[in-house]
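Here is the file structure-v1.txt (compact mmCIF, C-alpha atoms).
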```
# COMPACT_ATOMS: atom_id res chain seq x y z
CA MET A 17 -46.15 -21.27 -36.58
CA VAL A 18 -49.67 -22.65 -36.11
CA ALA A 19 -49.10 -24.25 -32.70
CA GLN A 20 -51.42 -22.97 -30.05
CA THR A 21 -51.44 -25.59 -27.30
CA PHE A 22 -48.40 -26.67 -25.30
CA GLU A 23 -48.43 -30.08 -27.02
CA GLN A 24 -48.64 -28.52 -30.49
CA HIS A 25 -45.73 -26.28 -29.54
CA CYS A 26 -43.64 -29.33 -28.53
CA SER A 27 -44.37 -30.92 -31.91
CA TRP A 28 -43.39 -27.70 -33.63
CA LEU A 29 -40.12 -27.65 -31.69
CA GLU A 30 -39.36 -31.20 -32.85
CA ASP A 31 -39.79 -30.09 -36.45
CA GLN A 32 -37.15 -27.39 -35.98
CA VAL A 33 -34.36 -30.00 -35.72
CA PRO A 34 -35.39 -32.89 -37.98
CA ASP A 35 -32.57 -35.19 -36.87
CA GLU A 36 -33.44 -34.98 -33.17
CA ASN A 37 -36.66 -35.70 -31.30
CA LEU A 38 -37.58 -33.76 -28.18
CA LYS A 39 -36.46 -36.53 -25.84
CA ALA A 40 -33.00 -36.50 -27.38
CA ALA A 41 -33.00 -32.71 -27.23
CA GLY A 42 -33.81 -32.99 -23.54
CA LEU A 43 -30.88 -35.31 -22.91
CA ARG A 44 -28.59 -32.96 -24.83
CA PHE A 45 -29.91 -29.99 -22.85
CA ASP A 46 -29.41 -31.79 -19.52
CA SER A 47 -25.87 -32.60 -20.52
CA GLY A 48 -25.15 -29.04 -21.66
CA SER A 49 -26.67 -27.42 -18.60
CA SER A 50 -24.74 -29.80 -16.32
CA ILE A 51 -21.53 -28.74 -18.04
CA ALA A 52 -22.55 -25.09 -17.65
CA LEU A 53 -23.29 -25.58 -13.94
CA LEU A 54 -19.91 -27.17 -13.36
CA LYS A 55 -18.07 -24.49 -15.30
CA ILE A 56 -19.75 -21.68 -13.38
CA GLN A 57 -19.15 -23.44 -10.07
CA GLU A 58 -15.45 -23.51 -10.91
CA SER A 59 -15.33 -19.97 -12.28
CA GLU A 60 -13.33 -17.19 -10.69
CA VAL A 61 -16.35 -14.91 -10.38
CA TRP A 62 -18.40 -17.52 -8.47
CA SER A 63 -15.52 -18.44 -6.19
CA LEU A 64 -14.79 -14.77 -5.43
CA LEU A 65 -18.45 -14.01 -4.89
CA LEU A 66 -18.73 -16.74 -2.27
CA THR A 67 -15.62 -15.63 -0.42
CA THR A 68 -16.61 -11.96 -0.51
CA LEU A 69 -20.10 -12.40 0.96
CA THR A 70 -18.75 -12.03 4.51
CA GLU A 71 -16.96 -8.82 3.53
CA TRP A 72 -20.19 -7.35 2.19
CA ASP A 73 -22.13 -8.51 5.23
CA ASP A 74 -19.66 -6.84 7.61
CA ALA A 75 -19.48 -3.68 5.50
CA TYR A 76 -23.29 -3.42 5.46
CA PHE A 77 -23.39 -3.98 9.23
CA ARG A 78 -20.90 -1.13 9.66
CA ASP A 79 -22.64 1.19 7.18
CA THR A 80 -26.13 0.66 8.60
CA GLY A 81 -25.16 0.84 12.25
CA GLY A 82 -25.75 -2.78 13.12
CA TYR A 83 -28.00 -4.56 10.63
CA LYS A 84 -27.10 -7.81 8.92
CA LEU A 85 -27.14 -7.92 5.13
CA PHE A 86 -28.00 -11.57 4.61
CA ALA A 87 -30.87 -13.55 6.07
CA SER A 88 -28.66 -16.53 6.93
CA SER A 89 -25.09 -17.73 6.80
CA ASP A 90 -25.96 -20.39 4.23
CA ARG A 91 -23.96 -20.07 1.04
CA PRO A 92 -26.06 -19.67 -2.14
CA LYS A 93 -26.21 -22.79 -4.29
CA LEU A 94 -26.30 -22.96 -8.07
CA VAL A 95 -29.13 -24.89 -9.69
CA ARG A 96 -29.88 -25.70 -13.32
CA LYS A 97 -33.18 -25.42 -15.09
CA PRO A 98 -35.07 -28.69 -15.59
CA PHE A 99 -35.92 -29.50 -19.21
CA ASP A 100 -39.69 -29.46 -18.51
CA SER A 101 -39.37 -25.94 -17.19
CA LEU A 102 -37.36 -24.94 -20.27
CA LEU A 103 -40.10 -26.26 -22.58
CA ASP A 104 -42.66 -24.35 -20.56
CA LYS A 105 -40.65 -21.16 -20.89
CA ALA A 106 -40.16 -21.62 -24.62
CA TYR A 107 -43.93 -22.04 -25.01
CA ARG A 108 -44.63 -18.88 -23.09
CA LYS A 109 -42.08 -16.85 -25.04
CA ASN A 110 -43.05 -18.22 -28.45
CA VAL A 111 -46.82 -18.33 -28.00
CA LEU A 112 -48.44 -17.01 -24.84
CA MET A 113 -46.46 -13.85 -24.39
CA ASN A 114 -45.63 -13.26 -28.02
CA PRO A 115 -47.62 -10.28 -29.26
CA ASN A 116 -46.59 -11.13 -32.85
CA TRP A 117 -47.84 -14.72 -32.72
CA PRO A 118 -48.13 -16.63 -35.10
CA GLU A 119 -45.15 -14.62 -36.35
CA PRO A 120 -41.87 -14.88 -34.38
CA PRO A 121 -41.31 -12.78 -31.25
CA GLU A 122 -39.35 -9.54 -31.62
CA ASP A 123 -36.02 -11.27 -30.87
CA GLY A 124 -36.77 -14.51 -32.76
CA TRP A 125 -38.10 -17.99 -31.90
CA VAL A 126 -36.84 -19.87 -28.87
CA THR A 127 -35.72 -23.26 -30.22
CA GLN A 128 -33.10 -25.92 -29.53
CA GLU A 129 -30.65 -23.70 -31.43
CA THR A 130 -31.24 -20.59 -29.37
CA TRP A 131 -32.53 -21.49 -25.94
CA TYR A 132 -29.18 -21.12 -24.14
CA ALA A 133 -28.90 -17.54 -25.28
CA LYS A 134 -32.58 -16.65 -24.96
CA THR A 135 -33.29 -18.19 -21.54
CA ASN A 136 -32.01 -16.19 -18.61
CA ASP A 137 -32.20 -18.71 -15.81
CA ILE A 138 -30.69 -21.93 -17.14
CA ILE A 139 -28.14 -21.62 -14.31
CA ARG A 140 -29.36 -19.59 -11.38
CA THR A 141 -29.07 -19.03 -7.66
CA THR A 142 -30.93 -17.03 -5.03
CA VAL A 143 -29.48 -14.62 -2.51
CA VAL A 144 -31.76 -13.63 0.37
CA VAL A 145 -31.14 -10.31 2.09
CA LYS A 146 -32.83 -9.12 5.26
CA TYR A 147 -33.94 -5.67 4.18
CA MET A 148 -35.11 -3.96 1.02
CA ASP A 149 -31.99 -1.78 0.72
CA GLY A 150 -29.91 -4.96 0.83
CA VAL A 151 -31.03 -5.74 -2.72
CA ASP A 152 -29.33 -2.64 -4.10
CA TYR A 153 -26.38 -3.07 -1.73
CA PHE A 154 -25.75 -6.59 -2.99
CA THR A 155 -26.22 -5.88 -6.69
CA THR A 156 -23.94 -2.83 -6.49
CA ALA A 157 -21.22 -4.81 -4.71
CA ALA A 158 -21.60 -7.78 -7.08
CA GLY A 159 -21.44 -5.36 -10.02
CA GLN A 160 -18.17 -3.94 -8.72
CA LEU A 161 -16.81 -7.46 -8.36
CA CYS A 162 -17.73 -8.25 -11.99
CA ASP A 163 -16.17 -4.97 -13.13
CA SER A 164 -12.94 -5.80 -11.31
CA LEU A 165 -12.78 -9.08 -13.27
CA GLY A 166 -13.54 -7.37 -16.56
CA LEU A 167 -16.92 -9.09 -16.83
CA GLY A 168 -20.08 -7.36 -17.86
CA HIS A 169 -23.24 -7.55 -15.81
CA THR A 170 -26.85 -6.38 -15.97
CA VAL A 171 -29.51 -5.91 -13.31
CA ASP A 172 -33.26 -6.15 -13.85
CA LEU A 173 -35.48 -4.94 -11.02
CA GLU A 174 -38.50 -7.20 -11.30
CA ALA A 175 -41.86 -5.87 -10.11
CA ARG A 176 -44.60 -8.02 -11.57
CA ALA A 177 -48.36 -7.69 -11.43
CA GLU A 178 -48.35 -11.09 -9.70
CA GLY A 179 -46.66 -9.58 -6.65
CA TYR A 180 -43.18 -10.86 -7.45
CA TYR A 181 -40.41 -8.47 -6.38
CA ALA A 182 -36.71 -9.29 -6.80
CA ALA A 183 -33.60 -8.07 -8.56
CA HIS A 184 -32.18 -10.35 -11.24
CA PHE A 185 -28.45 -9.91 -11.57
CA TYR A 186 -26.87 -11.41 -14.69
CA VAL A 187 -23.28 -12.36 -15.40
CA PRO A 188 -22.49 -13.33 -19.02
CA GLN A 189 -20.62 -16.58 -19.61
CA ILE A 190 -19.48 -18.54 -22.65
CA ILE A 191 -20.03 -22.27 -22.29
CA ASP A 192 -19.07 -25.20 -24.54
CA ILE A 193 -22.17 -27.35 -24.96
CA PRO A 194 -22.84 -30.46 -27.05
CA ARG A 195 -24.33 -30.15 -30.55
CA THR A 196 -26.71 -32.67 -32.10
CA ASN A 197 -23.71 -34.69 -33.34
CA TRP A 198 -22.20 -34.42 -29.81
CA ASP A 199 -19.41 -32.22 -31.07
CA THR A 200 -19.23 -29.02 -28.97
CA GLU A 201 -19.97 -25.38 -29.69
CA SER A 202 -19.46 -22.24 -27.62
CA VAL A 203 -22.70 -20.52 -26.70
CA PRO A 204 -23.43 -17.41 -24.65
CA LEU A 205 -25.30 -18.03 -21.39
CA ARG A 206 -26.08 -15.85 -18.41
CA LEU A 207 -25.76 -16.78 -14.76
CA GLU A 208 -28.85 -15.45 -13.01
CA ILE A 209 -28.61 -14.36 -9.38
CA GLN A 210 -32.05 -13.67 -7.98
CA VAL A 211 -31.78 -11.23 -5.08
CA THR A 212 -34.79 -11.08 -2.85
CA THR A 213 -35.67 -10.09 0.70
CA GLN A 214 -36.38 -12.40 3.62
CA LEU A 215 -40.08 -11.49 3.69
CA GLN A 216 -40.48 -11.91 -0.06
CA ASP A 217 -38.62 -15.20 0.15
CA ALA A 218 -41.05 -16.39 2.82
CA ILE A 219 -44.01 -15.96 0.49
CA ARG A 220 -42.01 -16.71 -2.63
CA LYS A 221 -43.12 -20.31 -2.76
CA LEU A 222 -46.70 -19.30 -2.34
CA THR A 223 -46.66 -16.75 -5.13
CA HIS A 224 -44.16 -18.53 -7.36
CA GLU A 225 -45.97 -21.86 -7.29
CA GLY A 226 -49.14 -20.09 -8.30
CA TYR A 227 -47.19 -18.29 -10.98
CA VAL A 228 -45.67 -21.54 -12.28
CA SER A 229 -48.96 -23.42 -12.29
CA ARG A 230 -50.84 -20.80 -14.25
CA ARG A 231 -48.16 -19.47 -16.56
CA SER A 232 -48.62 -22.24 -19.09
CA VAL A 233 -52.35 -21.95 -19.13
CA GLU A 234 -53.12 -21.30 -22.75
CA LYS A 235 -55.29 -18.33 -22.11
CA PRO A 236 -53.76 -16.03 -19.47
CA ALA A 237 -56.11 -15.13 -16.65
CA GLU A 238 -56.29 -11.38 -16.72
CA GLN A 239 -59.17 -10.76 -14.38
CA TRP A 240 -57.82 -12.11 -11.09
CA GLN A 241 -57.37 -8.55 -9.83
CA TRP A 242 -61.15 -8.20 -9.63
CA ASP A 243 -62.02 -11.70 -8.48
CA TYR A 244 -61.28 -12.00 -4.78
CA LYS A 245 -62.16 -15.72 -4.95
CA ASP A 246 -59.52 -16.34 -7.61
CA ALA A 247 -56.68 -18.54 -6.28
CA ASN A 248 -54.21 -15.87 -7.38
CA PHE A 249 -55.87 -12.95 -5.65
CA ALA A 250 -54.60 -13.42 -2.07
CA PRO A 251 -51.02 -14.60 -2.73
CA ASN A 252 -50.44 -11.98 -5.41
CA TYR A 253 -51.68 -9.09 -3.31
CA LEU A 254 -49.77 -10.46 -0.32
CA GLY A 255 -46.63 -9.97 -2.40
CA HIS A 256 -47.54 -6.33 -3.05
CA ILE A 257 -48.48 -5.71 0.59
CA LEU A 258 -45.20 -7.17 1.84
CA HIS A 259 -43.27 -5.01 -0.59
CA TYR A 260 -45.04 -1.96 0.83
CA ILE A 261 -44.36 -3.12 4.42
CA GLU A 262 -40.70 -3.57 3.60
CA GLY A 263 -40.56 0.00 2.39
CA MET A 264 -42.13 1.10 5.66
CA ILE A 265 -39.61 -0.95 7.64
CA MET A 266 -36.82 0.88 5.83
CA GLU A 267 -38.47 4.21 6.56
CA ILE A 268 -38.71 3.40 10.28
CA ARG A 269 -35.18 2.02 10.36
CA ASP A 270 -33.77 5.15 8.72
CA ARG A 271 -35.78 7.37 11.03
CA GLY A 272 -34.32 5.52 14.02
CA ARG A 273 -30.82 6.22 12.77
CA VAL A 274 -31.47 9.94 12.34
CA SER A 275 -32.95 10.33 15.81
CA MET B 25 -2.63 -20.94 17.13
CA ASN B 26 -0.98 -19.46 14.09
CA GLU B 27 2.74 -20.10 13.97
CA LYS B 28 3.64 -17.35 11.52
CA ASN B 29 5.90 -14.59 12.81
CA GLU B 30 3.28 -11.93 13.40
CA SER B 31 1.71 -10.04 16.28
CA PRO B 32 -0.65 -11.88 18.64
CA VAL B 33 -3.43 -9.66 17.31
CA MET B 34 -2.85 -10.62 13.69
CA ALA B 35 -2.35 -14.29 14.55
CA TYR B 36 -5.63 -14.35 16.46
CA LEU B 37 -7.51 -12.66 13.61
CA ASP B 38 -6.08 -15.17 11.15
CA ASP B 39 -7.36 -18.00 13.33
CA LEU B 40 -10.75 -16.39 13.77
CA VAL B 41 -11.12 -15.94 9.98
CA VAL B 42 -12.67 -12.49 9.72
CA SER B 43 -13.32 -10.12 6.84
CA SER B 44 -11.03 -7.21 6.04
CA VAL B 45 -13.78 -4.93 7.38
CA ILE B 46 -13.49 -6.49 10.86
CA ARG B 47 -9.72 -6.72 10.66
CA ASN B 48 -9.36 -3.03 9.84
CA ARG B 49 -11.74 -2.08 12.63
CA VAL B 50 -9.81 -4.18 15.15
CA LEU B 51 -6.53 -2.58 14.10
CA GLU B 52 -8.09 0.88 14.37
CA ILE B 53 -9.23 0.17 17.94
CA GLU B 54 -5.89 -1.38 18.84
CA GLU B 55 -4.23 1.83 17.70
CA PHE B 56 -6.56 3.83 19.93
CA TYR B 57 -5.81 1.72 23.03
CA THR B 58 -2.08 1.65 22.34
CA ALA B 59 -2.04 5.44 22.23
CA LEU B 60 -4.21 5.61 25.36
CA LEU B 61 -1.84 3.33 27.24
CA GLN B 62 1.19 5.23 25.98
CA GLY B 63 2.63 2.72 23.61
CA SER B 64 1.87 -0.50 25.47
CA VAL B 65 1.51 -3.54 23.27
CA ALA B 66 -1.52 -5.80 23.61
CA GLU B 67 -0.46 -9.23 24.80
CA ARG B 68 -3.64 -10.85 23.64
CA ILE B 69 -6.98 -9.99 22.11
CA PHE B 70 -10.32 -11.70 22.07
CA VAL B 71 -13.49 -11.15 20.07
CA SER B 72 -16.55 -12.04 22.10
CA GLU B 73 -19.02 -13.55 19.68
CA THR B 74 -21.99 -15.82 19.41
CA VAL B 75 -24.04 -17.52 16.70
CA ASP B 76 -27.67 -16.54 16.20
CA SER B 77 -30.61 -18.78 15.34
CA GLU B 78 -29.95 -18.29 11.61
CA GLY B 79 -26.38 -19.53 11.96
CA GLN B 80 -24.82 -16.11 11.58
CA ARG B 81 -21.87 -15.13 13.75
CA ILE B 82 -22.62 -12.04 15.83
CA PHE B 83 -19.63 -10.09 17.11
CA GLU B 84 -20.43 -8.52 20.46
CA SER B 85 -17.31 -6.95 21.92
CA LEU B 86 -13.59 -6.75 21.44
CA TRP B 87 -11.13 -7.28 24.30
CA PHE B 88 -7.48 -6.24 24.48
CA PHE B 89 -5.36 -7.62 27.29
CA PHE B 90 -2.44 -5.33 28.11
CA ALA B 91 -0.02 -5.97 30.97
CA GLU B 92 -1.35 -3.04 32.96
CA ALA B 93 -5.02 -2.99 31.93
CA TRP B 94 -7.80 -4.88 30.21
CA CYS B 95 -9.88 -3.04 27.64
CA GLU B 96 -13.29 -3.76 26.15
CA ALA B 97 -14.75 -2.12 23.04
CA HIS B 98 -18.50 -2.68 23.19
CA ASN B 99 -20.43 -3.39 19.98
CA PHE B 100 -17.16 -2.54 18.30
CA GLN B 101 -18.31 -2.85 14.69
CA VAL B 102 -20.51 0.21 14.91
CA GLU B 103 -19.84 1.97 18.22
CA ASP B 104 -16.92 3.86 19.72
CA LYS B 105 -17.46 2.87 23.34
CA PHE B 106 -14.23 1.90 25.02
CA ASP B 107 -13.67 0.63 28.58
CA VAL B 108 -10.35 0.38 30.33
CA VAL B 109 -9.90 -1.27 33.71
CA ARG B 110 -6.84 -2.09 35.77
CA ILE B 111 -6.91 -5.69 36.88
CA GLU B 112 -5.62 -6.73 40.23
CA ARG B 113 -7.87 -9.44 41.52
CA ILE B 114 -10.87 -11.37 40.31
CA SER B 115 -13.37 -12.38 42.97
CA TYR B 116 -15.06 -15.12 40.96
CA ALA B 117 -15.30 -16.62 37.51
CA ILE B 118 -18.07 -18.77 36.06
CA THR B 119 -17.83 -20.69 32.81
CA GLU B 120 -20.54 -22.44 30.88
CA ARG B 121 -19.73 -24.82 28.10
CA HIS B 122 -21.71 -26.64 25.43
CA GLU B 123 -20.21 -29.46 23.37
CA TYR B 124 -16.73 -28.31 24.29
CA LYS B 125 -13.77 -30.15 25.76
CA THR B 126 -10.69 -28.10 26.59
CA GLY B 127 -8.60 -27.56 23.48
CA LYS B 128 -10.95 -29.62 21.31
CA ALA B 129 -13.42 -27.22 19.75
CA THR B 130 -15.87 -28.26 17.06
CA THR B 131 -18.21 -26.10 15.02
CA LYS B 132 -20.94 -26.85 17.59
CA SER B 133 -18.85 -25.81 20.58
CA ARG B 134 -19.90 -22.86 22.72
CA LEU B 135 -18.11 -21.44 25.74
CA SER B 136 -18.92 -18.44 27.88
CA LEU B 137 -17.09 -16.86 30.77
CA ASN B 138 -18.42 -14.41 33.33
CA PHE B 139 -16.11 -12.90 35.90
CA LYS B 140 -16.30 -10.31 38.63
CA LEU B 141 -13.48 -8.04 39.58
CA SER B 142 -12.76 -7.21 43.20
CA ASN B 143 -14.76 -4.04 42.71
CA THR B 144 -18.23 -4.26 41.19
CA ASN B 145 -17.14 -4.55 37.56
CA LEU B 146 -18.25 -7.55 35.59
CA GLY B 147 -16.83 -9.04 32.43
CA GLN B 148 -18.46 -11.39 29.95
CA LEU B 149 -16.76 -13.22 27.09
CA LYS B 150 -18.43 -15.63 24.70
CA ALA B 151 -17.06 -17.90 22.02
CA SER B 152 -18.26 -20.31 19.39
CA GLY B 153 -16.41 -22.95 17.37
CA GLU B 154 -12.63 -22.64 17.26
CA ASN B 155 -12.78 -19.41 19.23
CA CYS B 156 -13.61 -21.54 22.30
CA ASN B 157 -9.96 -22.64 22.40
CA ALA B 158 -8.82 -19.01 22.60
CA LEU B 159 -11.30 -18.29 25.38
CA SER B 160 -10.23 -21.41 27.24
CA LEU B 161 -6.62 -20.18 27.20
CA ILE B 162 -7.74 -16.79 28.53
CA LEU B 163 -9.49 -18.56 31.38
CA GLN B 164 -6.43 -20.62 32.21
CA GLU B 165 -3.71 -18.04 31.73
CA LEU B 166 -5.31 -14.68 32.52
CA ILE B 167 -8.34 -15.25 34.69
CA MET B 168 -7.42 -18.13 37.00
CA PRO B 169 -4.11 -16.68 38.24
CA ARG B 170 -6.00 -13.59 39.35
CA VAL B 171 -8.84 -15.31 41.17
CA VAL B 172 -8.38 -14.51 44.87
CA THR B 173 -8.07 -17.23 47.49
CA GLU B 174 -10.70 -17.06 50.20
CA THR B 175 -9.29 -16.62 53.70
```
Can you give me the file's structure in the form of structure tokens?
Amino acid sequence: MVAQTFEQHCSWLEDQVPDENLKAAGLRFDSGSSIALLKIQESEVWSLLLTTLTEWDDAYFRDTGGYKLFASSDRPKLVRKPFDSLLDKAYRKNVLMNPNWPEPPEDGWVTQETWYAKTNDIIRTTVVVKYMDGVDYFTTAAGQLCDSLGLGHTVDLEARAEGYYAAHFYVPQIIDIPRTNWDTESVPLRLEIQVTTQLQDAIRKLTHEGYVSRRSVEKPAEQWQWDYKDANFAPNYLGHILHYIEGMIMEIRDRGRVS
Amino acid sequence: MNEKNESPVMAYLDDLVVSSVIRNRVLEIEEFYTALLQGSVAERIFVSETVDSEGQRIFESLWFFFAEAWCEAHNFQVEDKFDVVRIERISYAITERHEYKTGKATTKSRLSLNFKLSNTNLGQLKASGENCNALSLILQELIMPRVVTET
């Protein structure tokens, strides 16, 4: 691959499937991801997860001596990745964050043929817990639920230099999506459940918007840590500070229980 | 109310829609009170609850109404703090309602009841949503008949 800019990368993607331009690929992706969203919404694991949230909340309240697990009673909602965001992610994986570039990344190029399997958050939701230990409590309980249904699951504890802290819980799914000839094929896809705390969620927009706006910049800014005037400096370090404060809150809460 | 052939406790819990964690805890406390009152059977129960600013239901206390005594388990999800009081007369009762008409609860309905026994004991019960109907029945059937007439 010789593409270096985002636009060059889009042209390169178009060349990967000669019979389909990127606009048509976008329509096909929107159709496929809508099907995936619907299938997951109707799945047993999603339905059980929604009905079991109250059980976990009450169990956590009992186990912690009176603290709520979730930040609100709102049920988590599934969302699908917009096509623009998918293109952005493919560019980052293929070019910006690919140490082998211009050779393929370790696990191969992200293209129209592979992006369902290689993109983690095509269908995702967010669960907001009140306290730091709620992240582990939720992922453990959700893992047990997946086990009971014979489904696999994986958990990634994200701790990024940009001050982003969350657990990403993944449930594998097989979804029938349209091919270029609008026949269907079964592809693997993972439901992503982002589990974050109330404080992190409060600054999530701040840090995430900064993260989104700069992640497709062709040359990653690496020196923000030393430039206090950099737009990323304050929101990113706020993320780290809040993570530290949340640890302290847990410490104080646990101390209160012991005494 | 639930028309299935089950105890008033189970029927009430079905109507309240609670998790198995709460249900098991309620049954555990019922067992304690039944033993304490030598096998008496609770005629009615009530979970005093409210909804916080984030829309989450907060359970405050659990009431059992036996023929010979009324019992309150404070902060029953996490504490073992159990009151028992024999009820003879109630000197006054105050209710406060919000978006509630008797027997016609909506999700926005709130109802609270404060009452004073003929001694200095006070009782407070709160309800939200459908639980307002249960509290309204307690007011009509258990509280009002015991409110003393001034002479």
Separation of atom CA of Ala59 of chain B from atom CA of Glu92 of chain B in Å: 13.7 Å
Should the cut-off be 8 Å, what would the residue list for chain A against chain B look like, counting only C-alpha atoms, as a PyMOL selection string? chain A and resi 70-71+74-75+77-78+81-82+87-90
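Considering all atoms listed in the file, the residue among B:Asn48, B:Ser72, B:Asn138, B:Gln62 positioned nearest to Leu86 of chain B is B:Ser72.
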Nearest to Leu65 of chain A, chosen from A:Tyr253, A:Phe45, A:Phe154, A:Tyr147, with all atoms listed in the file counted in the distances: A:Phe154
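Taking atom CA of Glu201 of chain A as the reference point, atom CA of Trp62 of chain A is found at 22.7 Å.
Distance-wise, atom CA of Ala35 of chain B and atom CA of Thr119 of chain B end up 24.8 Å apart.
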Within 12 Å of Tyr36 of chain B using all atoms listed in the file, minus same-chain residues under 3 positions, as a ChimeraX atom specification: /B:25-28,30-33,39-42,47,50,66-71,87-88,154-155,157-159
Taking 2 positions as the minimum chain separation for residues in the same chain, which residues sit within 12 Å of Thr130 of chain A when counting all atoms listed in the file? Answer as a PyMOL selection string. chain A and resi 29+32-33+45+102+106+123-128+132-136+195+203-205
